[in-house]
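Dropping upload-v8.csv in here (CSV, C-alpha atoms):
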chain,number,residue,atom,x,y,z
U,1,MET,CA,-239.1,63.9,144.3
U,2,ALA,CA,-236.5,66.7,144.2
U,3,ALA,CA,-234.3,64.8,146.6
U,4,GLY,CA,-234.7,61.6,144.6
U,5,LEU,CA,-233.8,63.4,141.4
U,6,THR,CA,-230.8,65.0,143.0
U,7,PHE,CA,-229.6,61.6,144.4
U,8,GLY,CA,-230.1,60.0,141.0
U,9,LEU,CA,-228.1,62.7,139.3
U,10,LEU,CA,-225.3,62.5,141.8
U,11,ALA,CA,-225.2,58.7,141.6
U,12,GLY,CA,-225.2,58.9,137.8
U,13,LEU,CA,-222.3,61.4,137.8
U,14,PHE,CA,-220.4,59.2,140.3
U,15,PHE,CA,-220.8,56.0,138.2
U,16,PHE,CA,-220.1,57.9,135.0
U,17,ARG,CA,-216.8,59.2,136.5
U,18,LEU,CA,-216.0,55.7,137.7
U,19,LEU,CA,-216.5,54.2,134.3
U,20,THR,CA,-214.5,56.9,132.5
U,21,ARG,CA,-211.6,57.0,135.0
U,22,ARG,CA,-209.5,54.6,133.0
U,23,LEU,CA,-210.1,56.5,129.9
U,24,ARG,CA,-208.8,59.7,131.6
U,25,VAL,CA,-205.8,57.7,132.8
U,26,LEU,CA,-205.1,56.5,129.3
U,27,ALA,CA,-205.6,60.0,127.9
U,28,THR,CA,-203.2,61.4,130.4
U,29,ALA,CA,-200.6,58.8,129.4
U,30,MET,CA,-201.0,59.6,125.8
U,31,GLU,CA,-200.7,63.3,126.4
U,32,GLY,CA,-197.5,62.7,128.5
U,33,PHE,CA,-196.1,60.5,125.7
U,34,ARG,CA,-196.6,63.4,123.3
U,35,ARG,CA,-195.1,65.9,125.6
U,36,ARG,CA,-192.0,63.7,126.0
U,37,HIS,CA,-191.6,63.8,122.2
U,38,PHE,CA,-192.7,60.1,121.9
U,39,SER,CA,-189.6,58.9,123.7
U,40,VAL,CA,-190.9,57.3,126.9
U,41,ALA,CA,-194.3,55.8,127.4
U,42,ALA,CA,-196.0,55.9,130.8
U,43,ALA,CA,-196.7,52.5,132.1
U,44,ARG,CA,-200.3,51.5,132.7
U,45,SER,CA,-201.6,51.0,136.2
U,46,PRO,CA,-201.4,47.3,137.3
U,47,GLU,CA,-205.1,47.4,138.2
U,48,ASP,CA,-205.9,47.8,134.5
U,49,ASP,CA,-204.8,44.2,133.9
U,50,ARG,CA,-207.7,42.9,136.0
U,51,SER,CA,-210.2,43.7,133.3
U,52,ALA,CA,-210.5,42.5,129.7
U,53,ASP,CA,-212.9,45.1,128.2
U,54,GLU,CA,-212.4,47.4,125.3
U,55,ILE,CA,-210.7,50.0,127.4
U,56,ASP,CA,-208.1,47.5,128.6
U,57,ARG,CA,-207.5,46.3,125.1
U,58,LEU,CA,-207.1,49.8,123.9
U,59,SER,CA,-204.6,50.5,126.7
U,60,ARG,CA,-202.5,47.5,125.9
U,61,THR,CA,-202.5,48.4,122.2
U,62,PHE,CA,-201.3,51.9,123.1
U,63,ASP,CA,-198.5,50.4,125.3
U,64,ALA,CA,-197.4,48.2,122.4
U,65,MET,CA,-197.5,51.1,120.0
U,66,ALA,CA,-195.6,53.4,122.3
U,67,GLU,CA,-192.9,50.7,122.8
U,68,ARG,CA,-192.6,50.2,119.0
U,69,ILE,CA,-192.3,53.9,118.4
U,70,GLY,CA,-189.6,54.2,121.0
U,71,GLU,CA,-187.6,51.4,119.4
U,72,GLN,CA,-188.0,53.0,116.0
U,73,LEU,CA,-186.8,56.4,117.3
U,74,GLU,CA,-183.8,54.7,118.9
U,75,ALA,CA,-183.0,53.0,115.6
U,76,LEU,CA,-183.3,56.3,113.8
U,77,GLU,CA,-181.0,58.0,116.2
U,78,ARG,CA,-178.4,55.2,115.8
U,79,LYS,CA,-178.6,55.4,112.0
U,80,ASP,CA,-178.3,59.2,112.1
U,81,ALA,CA,-175.2,59.0,114.3
U,82,LEU,CA,-173.8,56.4,111.9
U,83,ARG,CA,-174.6,58.6,109.0
U,84,ARG,CA,-172.8,61.6,110.5
U,85,GLU,CA,-169.8,59.5,111.4
U,86,MET,CA,-169.8,58.0,107.8
U,87,VAL,CA,-170.0,61.5,106.3
U,88,ALA,CA,-167.1,62.7,108.4
U,89,GLN,CA,-165.0,59.6,107.5
U,90,VAL,CA,-165.8,59.8,103.8
U,91,SER,CA,-164.9,63.5,103.8
U,92,HIS,CA,-161.5,62.7,105.5
U,93,ASP,CA,-160.8,59.8,103.0
U,94,LEU,CA,-161.7,62.0,100.0
U,95,ARG,CA,-159.8,65.0,101.2
U,96,THR,CA,-156.4,63.4,101.5
U,97,PRO,CA,-156.1,62.0,97.9
U,98,LEU,CA,-157.8,65.1,96.5
U,99,ALA,CA,-155.3,67.4,98.2
U,100,SER,CA,-152.4,65.3,96.9
U,101,LEU,CA,-153.8,65.1,93.4
U,102,ARG,CA,-154.3,68.9,93.3
U,103,GLY,CA,-150.8,69.5,94.7
U,104,TYR,CA,-149.1,67.3,92.0
U,105,LEU,CA,-151.2,68.9,89.2
U,106,GLU,CA,-150.5,72.4,90.4
U,107,THR,CA,-146.8,71.6,90.5
U,108,LEU,CA,-146.9,70.3,87.0
U,109,THR,CA,-148.8,73.3,85.8
U,110,LEU,CA,-146.5,75.9,87.4
U,111,LYS,CA,-143.2,74.2,86.7
U,112,ALA,CA,-144.0,72.3,83.5
U,113,GLU,CA,-141.2,73.9,81.5
U,114,SER,CA,-138.5,73.7,84.2
U,115,LEU,CA,-139.1,70.2,85.5
U,116,PRO,CA,-137.0,67.4,84.0
U,117,GLN,CA,-138.8,64.6,82.2
U,118,GLU,CA,-138.1,62.1,84.9
U,119,GLU,CA,-139.5,64.2,87.7
U,120,ARG,CA,-142.5,65.1,85.5
U,121,ASP,CA,-143.2,61.4,85.0
U,122,GLU,CA,-142.9,60.9,88.8
U,123,TYR,CA,-145.5,63.5,89.5
U,124,LEU,CA,-147.8,62.2,86.8
U,125,ASN,CA,-147.6,58.6,88.2
U,126,ALA,CA,-148.3,59.9,91.7
U,127,ALA,CA,-151.3,61.9,90.5
U,128,LEU,CA,-152.5,58.8,88.7
U,129,SER,CA,-152.1,56.7,91.9
U,130,GLN,CA,-154.2,59.2,93.9
U,131,SER,CA,-156.9,59.3,91.2
U,132,GLU,CA,-157.1,55.5,91.3
U,133,ALA,CA,-157.5,55.6,95.1
U,134,LEU,CA,-160.4,58.0,94.7
U,135,SER,CA,-161.9,55.8,92.1
U,136,ARG,CA,-161.7,52.7,94.4
U,137,LEU,CA,-163.3,54.6,97.2
U,138,VAL,CA,-166.2,56.0,95.1
U,139,ASN,CA,-166.8,52.6,93.5
U,140,ALA,CA,-166.9,50.9,97.0
U,141,LEU,CA,-169.3,53.5,98.3
U,142,PHE,CA,-171.6,53.1,95.3
U,143,GLU,CA,-171.6,49.3,95.7
U,144,LEU,CA,-172.3,49.5,99.4
U,145,ALA,CA,-175.1,52.0,98.8
U,146,LYS,CA,-176.7,49.6,96.3
U,147,LEU,CA,-176.4,46.7,98.6
U,148,ASP,CA,-178.0,48.7,101.5
U,149,ALA,CA,-180.8,49.8,99.3
U,150,CYS,CA,-181.3,46.2,98.0
U,151,GLU,CA,-181.4,47.6,94.5
U,152,ALA,CA,-179.5,44.5,93.4
U,153,PRO,CA,-181.0,41.6,95.3
U,154,PRO,CA,-179.0,38.3,95.0
U,155,GLN,CA,-179.7,36.4,91.8
U,156,ARG,CA,-179.3,32.9,93.2
U,157,GLU,CA,-178.3,30.0,91.0
U,158,PRO,CA,-176.4,26.7,91.6
U,159,PHE,CA,-172.7,26.9,90.8
U,160,ASN,CA,-169.4,25.2,91.6
U,161,ILE,CA,-167.9,27.4,94.3
U,162,ALA,CA,-164.6,25.5,94.2
U,163,GLU,CA,-164.0,26.6,90.6
U,164,LEU,CA,-165.0,30.2,91.5
U,165,VAL,CA,-162.4,30.3,94.3
U,166,GLN,CA,-159.8,28.8,92.1
U,167,ASP,CA,-160.3,31.6,89.6
U,168,VAL,CA,-160.0,34.2,92.3
U,169,ILE,CA,-156.9,32.6,93.7
U,170,GLN,CA,-155.2,32.7,90.3
U,171,LYS,CA,-156.1,36.4,89.9
U,172,TYR,CA,-154.2,37.2,93.1
U,173,GLN,CA,-151.3,34.8,92.8
U,174,PRO,CA,-149.0,37.2,90.8
U,175,GLY,CA,-149.5,40.0,93.3
U,176,ALA,CA,-148.9,37.6,96.2
U,177,LYS,CA,-145.6,36.4,94.7
U,178,GLN,CA,-144.5,40.0,94.2
U,179,GLN,CA,-145.2,40.6,97.9
U,180,ARG,CA,-143.4,37.3,98.7
U,181,ILE,CA,-146.5,35.9,100.3
U,182,GLN,CA,-147.5,32.3,99.9
U,183,LEU,CA,-151.2,32.0,98.8
U,184,ASP,CA,-152.5,28.5,99.4
U,185,TYR,CA,-155.8,26.9,98.5
U,186,ALA,CA,-157.2,23.7,100.0
U,187,ARG,CA,-160.7,22.2,99.2
U,188,ASP,CA,-162.6,18.9,99.7
U,189,GLY,CA,-162.9,17.9,96.0
U,190,GLU,CA,-163.1,19.7,92.7
U,191,SER,CA,-166.9,20.0,92.8
U,192,ILE,CA,-168.7,21.9,95.6
U,193,TRP,CA,-172.1,23.2,94.6
U,194,VAL,CA,-174.0,26.0,96.4
U,195,ASN,CA,-176.9,28.2,95.6
U,196,ALA,CA,-176.0,31.9,95.7
U,197,ASP,CA,-175.3,34.9,93.5
U,198,ILE,CA,-172.0,34.0,91.8
U,199,GLY,CA,-171.1,37.7,91.1
U,200,LEU,CA,-171.6,38.8,94.8
U,201,MET,CA,-169.8,35.7,96.1
U,202,GLU,CA,-166.9,36.4,93.8
U,203,ARG,CA,-166.7,39.9,95.4
U,204,VAL,CA,-166.7,38.3,98.9
U,205,PHE,CA,-163.7,36.2,98.1
U,206,ASP,CA,-162.0,39.2,96.3
U,207,ASN,CA,-162.4,41.4,99.3
U,208,LEU,CA,-161.4,38.7,101.9
U,209,ILE,CA,-158.2,37.6,100.0
U,210,GLU,CA,-157.2,41.2,99.2
U,211,ASN,CA,-157.7,42.2,102.8
U,212,ALA,CA,-155.6,39.2,104.0
U,213,LEU,CA,-152.8,40.1,101.6
U,214,GLN,CA,-152.9,43.7,102.7
U,215,HIS,CA,-152.3,42.7,106.3
U,216,THR,CA,-149.7,39.9,105.8
U,217,PRO,CA,-146.0,40.9,105.8
U,218,ALA,CA,-143.5,39.6,103.3
U,219,GLY,CA,-142.7,35.9,104.0
U,220,GLY,CA,-146.1,35.3,105.4
U,221,GLU,CA,-149.0,33.0,104.3
U,222,VAL,CA,-152.6,33.4,103.3
U,223,ALA,CA,-154.6,30.1,103.1
U,224,VAL,CA,-158.1,29.7,101.7
U,225,THR,CA,-159.9,26.5,102.7
U,226,LEU,CA,-163.2,25.0,101.7
U,227,ARG,CA,-164.4,22.1,103.9
U,228,THR,CA,-167.6,20.3,103.6
U,229,ASP,CA,-169.8,18.0,105.7
U,230,ASN,CA,-173.1,16.3,104.8
U,231,THR,CA,-175.1,19.5,104.4
U,232,SER,CA,-172.8,22.6,104.7
U,233,LEU,CA,-169.7,24.3,103.3
U,234,HIS,CA,-167.2,25.8,105.7
U,235,VAL,CA,-165.1,28.6,104.3
U,236,ALA,CA,-162.1,30.0,106.0
U,237,ILE,CA,-159.5,32.6,104.9
U,238,ARG,CA,-156.5,32.6,107.2
U,239,ASP,CA,-153.5,35.0,107.2
U,240,THR,CA,-150.3,35.3,109.3
U,241,GLY,CA,-150.5,39.0,109.7
U,242,LYS,CA,-150.3,41.2,112.8
U,243,GLY,CA,-153.7,40.1,114.1
U,244,ILE,CA,-156.4,42.1,115.7
U,245,THR,CA,-156.7,43.3,119.3
U,246,GLU,CA,-159.6,42.4,121.5
U,247,GLN,CA,-160.8,46.0,121.5
U,248,ASP,CA,-160.8,46.2,117.7
U,249,LEU,CA,-162.4,42.8,117.0
U,250,PRO,CA,-166.1,43.7,117.5
U,251,ARG,CA,-165.8,46.6,114.9
U,252,VAL,CA,-163.8,44.9,112.2
U,253,PHE,CA,-166.8,44.7,109.8
U,254,ASP,CA,-167.8,48.3,110.5
U,255,ARG,CA,-167.6,50.8,107.6
U,256,PHE,CA,-164.4,52.8,107.4
U,257,TYR,CA,-163.1,51.2,110.6
U,258,ARG,CA,-159.4,50.7,110.7
U,259,GLY,CA,-157.8,49.3,113.9
U,260,LYS,CA,-154.6,50.7,115.4
U,261,ARG,CA,-152.7,47.5,114.3
U,262,SER,CA,-154.2,47.4,110.8
U,263,GLY,CA,-151.5,49.5,109.3
U,264,GLY,CA,-153.8,50.5,106.4
U,265,GLY,CA,-152.3,49.8,103.1
U,266,LYS,CA,-152.4,51.2,99.6
U,267,GLY,CA,-155.9,51.6,98.5
U,268,HIS,CA,-157.3,50.6,101.9
U,269,VAL,CA,-160.5,52.5,102.6
U,270,GLY,CA,-162.1,50.4,105.3
U,271,LEU,CA,-165.1,49.3,103.2
U,272,GLY,CA,-164.0,45.8,102.0
U,273,LEU,CA,-165.2,43.9,105.0
U,274,ALA,CA,-168.3,46.0,105.3
U,275,ILE,CA,-169.2,44.9,101.8
U,276,VAL,CA,-168.5,41.3,102.7
U,277,LYS,CA,-170.7,41.5,105.7
U,278,ARG,CA,-173.6,43.0,103.7
U,279,VAL,CA,-173.4,40.5,100.9
U,280,LEU,CA,-173.4,37.6,103.3
U,281,GLU,CA,-176.4,39.1,105.2
U,282,LEU,CA,-178.3,39.3,101.9
U,283,HIS,CA,-177.7,35.5,101.5
U,284,GLY,CA,-178.7,34.8,105.1
U,285,ILE,CA,-175.1,34.1,106.2
U,286,ALA,CA,-173.2,35.3,109.2
U,287,ALA,CA,-169.4,36.0,109.0
U,288,THR,CA,-167.1,34.9,111.9
U,289,ILE,CA,-163.7,36.2,112.8
U,290,ASP,CA,-161.0,34.7,115.0
U,291,SER,CA,-157.9,36.7,115.7
U,292,ALA,CA,-155.4,37.8,118.4
U,293,PRO,CA,-152.3,40.1,118.3
U,294,ASP,CA,-149.3,38.5,116.5
U,295,SER,CA,-151.3,35.4,115.8
U,296,GLY,CA,-152.9,36.1,112.4
U,297,THR,CA,-156.6,36.3,111.6
U,298,THR,CA,-159.2,33.8,110.3
U,299,ILE,CA,-162.4,35.0,108.7
U,300,GLY,CA,-165.0,32.4,107.8
U,301,PHE,CA,-168.6,31.6,107.1
U,302,ASP,CA,-170.8,28.6,106.5
U,303,MET,CA,-173.4,28.1,103.7
U,304,PRO,CA,-175.6,25.2,102.7
U,305,LEU,CA,-174.7,22.8,100.0
U,306,VAL,CA,-176.8,22.0,97.0
U,307,GLY,CA,-177.8,18.4,96.5

Please, can you express the file's structure as structure tokens?
Amino acid sequence: MAAGLTFGLLAGLFFFRLLTRRLRVLATAMEGFRRRHFSVAAARSPEDDRSADEIDRLSRTFDAMAERIGEQLEALERKDALRREMVAQVSHDLRTPLASLRGYLETLTLKAESLPQEERDEYLNAALSQSEALSRLVNALFELAKLDACEAPPQREPFNIAELVQDVIQKYQPGAKQQRIQLDYARDGESIWVNADIGLMERVFDNLIENALQHTPAGGEVAVTLRTDNTSLHVAIRDTGKGITEQDLPRVFDRFYRGKRSGGGKGHVGLGLAIVKRVLELHGIAATIDSAPDSGTTIGFDMPLVG
């Protein structure tokens, strides 16, 4: 009887250990995942796939959870790196006009009585120009932050986009003439209806045309075209500027990114195309860009027609 009880106890312990083996493997994997700071999940043993009981389902659920956590951590690391880069770029772009503004004001304060009126006016105009640059940068940052937070989701409504673009073109025609740049507009008809946020789409065309004018030399051309087919509108803004290198092309829509050939420009803070990209994303639209050095640049997008 003692021998039988001993054998039964040993057999029970053996089968119990056999039944709980996969639970120990899973527990070890979870502990390892925790020790690695939730960065890499240990793969399950292939033999676990031969069963379909609760333990196997729990193990598969853990694998999916670990993979999802890893993806989220990688996304957070990328966002944190982008945030640090953005803070550094914002600090740089704010420091330059602030230093200039302070210098002009200090000069006016220290030499107000000795400076001739003409020079005093020159300093005041320069200080005003720097303050306007700061205002543009702050406004662009605020707008981009609102778009990222989706605090102002698109208020879609049907409208005639041909008329909207015509109004935007007229707004930039005087400046284009002053820069001796030909600003053309071609469209398929006077009535092209789309369903979108009219205010946000106006900002898209503002930024695209302004960006094209900034990078087009005197004597060049900027052309805005609206082409339609049975269901879609095809928008293109083409300029005859310096173009974009192959290395810069993938980062054109990044915030604060300015390529080596961009040349900058007065008031250029590297946020215009980032805002364009974000607005189009909120409308479910993807922007495209085609450019090469010394061949100009074409930025476009497609959107569905109404009716």

Got a sec: who's within 9 Å of U:Gly199, counting all atoms listed in the file, leaving out chain neighbours fewer than 3 positions off, as a list in words?
->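 Near neighbours after the sequence-gap exclusion: Pro154, Gln155, Ala196, Glu202, Arg203 and Val204 of chain U.
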
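Interatomic distance, atom CA of U:His234 to atom CA of U:Val306: 13.5 Å.
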
Any idea what's packed within 10 Å of U:Phe62, counting all atoms listed in the file, ignoring anything in its chain fewer than 3 positions away? Could you give it as a list in words?
->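 Once the adjacent positions are removed, what remains is Leu26, Ala29, Met30, Ala41, Arg44, Asp56, Arg57, Leu58, Ser59, Met65, Ala66, Glu67 and Arg68 of chain U.
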
Interatomic distance (Å, one decimal) between atom CA of U:Leu147 and atom CA of U:Leu271 = 12.5 Å

Give me, please, the distance in Å between atom CA of U:Asp206 and atom CA of U:Leu305, quoted to one decimal.
->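 About the pair atom CA of U:Asp206 and atom CA of U:Leu305: they are 21.1 Å apart.
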
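Shortest separation to U:Asn207 among U:Pro97, U:Gly272, U:Gln117, U:Arg24 occurs at residue U:Gly272, atoms counted being only C-alpha atoms.
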
Residue with smallest distance to U:Asp290 - pool U:Arg238, U:Lys171, U:Arg84, U:Arg102, counting only C-alpha atoms |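 Ranking U:Arg238, U:Lys171, U:Arg84, U:Arg102 by distance to U:Asp290, first place goes to U:Arg238.
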
Select, from U:Glu221, U:Asp121, U:Glu163, U:Asp229, the residue with the minimum atom-to-atom distance to U:Gln182, counting only C-alpha atoms.
->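 That would be U:Glu221, the residue with the smallest distance to U:Gln182.
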
From the list U:Thr228, U:Thr109, U:Asn139, U:Gln178, which residue is nearest U:Glu190 when using all atoms listed in the file?
->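 Answer, going by the shortest atom-to-atom distance: U:Thr228.
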
Skipping near chain neighbours, those fewer than 2 positions away, what residues fall within 8 Å of U:Leu98 using all atoms listed in the file, listed as a JSON list (two decimals) with C-alpha atoms, keeping the file's coordinate frame?
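Written output follows (part_4.json):
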[["chain", "number", "residue", "atom", "x", "y", "z"],
["U", 94, "LEU", "CA", -161.70, 62.00, 100.00],
["U", 95, "ARG", "CA", -159.80, 65.00, 101.20],
["U", 96, "THR", "CA", -156.40, 63.40, 101.50],
["U", 100, "SER", "CA", -152.40, 65.30, 96.90],
["U", 101, "LEU", "CA", -153.80, 65.10, 93.40],
["U", 102, "ARG", "CA", -154.30, 68.90, 93.30],
["U", 130, "GLN", "CA", -154.20, 59.20, 93.90],
["U", 131, "SER", "CA", -156.90, 59.30, 91.20],
["U", 134, "LEU", "CA", -160.40, 58.00, 94.70]]

Exercise: U:Met303 partners within 9 Å, only C-alpha atoms, chain neighbours under 2 positions left out, as an mmCIF file with C-alpha atoms, in the coordinates of the input:
data_model
loop_
_atom_site.group_PDB
_atom_site.id
_atom_site.type_symbol
_atom_site.label_atom_id
_atom_site.label_comp_id
_atom_site.auth_asym_id
_atom_site.auth_seq_id
_atom_site.Cartn_x
_atom_site.Cartn_y
_atom_site.Cartn_z
ATOM 1 C CA VAL U 194 -174.000 26.000 96.400
ATOM 2 C CA ASN U 195 -176.900 28.200 95.600
ATOM 3 C CA THR U 231 -175.100 19.500 104.400
ATOM 4 C CA SER U 232 -172.800 22.600 104.700
ATOM 5 C CA LEU U 233 -169.700 24.300 103.300
ATOM 6 C CA HIS U 234 -167.200 25.800 105.700
ATOM 7 C CA VAL U 235 -165.100 28.600 104.300
ATOM 8 C CA HIS U 283 -177.700 35.500 101.500
ATOM 9 C CA GLY U 284 -178.700 34.800 105.100
ATOM 10 C CA ILE U 285 -175.100 34.100 106.200
ATOM 11 C CA PHE U 301 -168.600 31.600 107.100
ATOM 12 C CA LEU U 305 -174.700 22.800 100.000
#

U:Gly32, U:Gly300, U:Pro153, U:Gly103: which is nearest U:Phe205, counting all atoms listed in the file?
-> U:Gly300

Can you work out which one of U:Leu124, U:Leu183, U:Met201, U:Ala274 has the shortest atom-to-atom distance to U:Ala112, counting all atoms listed in the file?
-> U:Leu124

U:Arg180: which residues within 8 Å, counting all atoms listed in the file, same-chain residues fewer than 5 positions away excluded, as a PyMOL selection string?
-> chain U and resi 218-220

Take the residues that were just selected and, keeping C-alpha atoms, output them as a CSV table (one decimal), keeping the file's coordinate frame.
chain,number,residue,atom,x,y,z
U,218,ALA,CA,-143.5,39.6,103.3
U,219,GLY,CA,-142.7,35.9,104.0
U,220,GLY,CA,-146.1,35.3,105.4
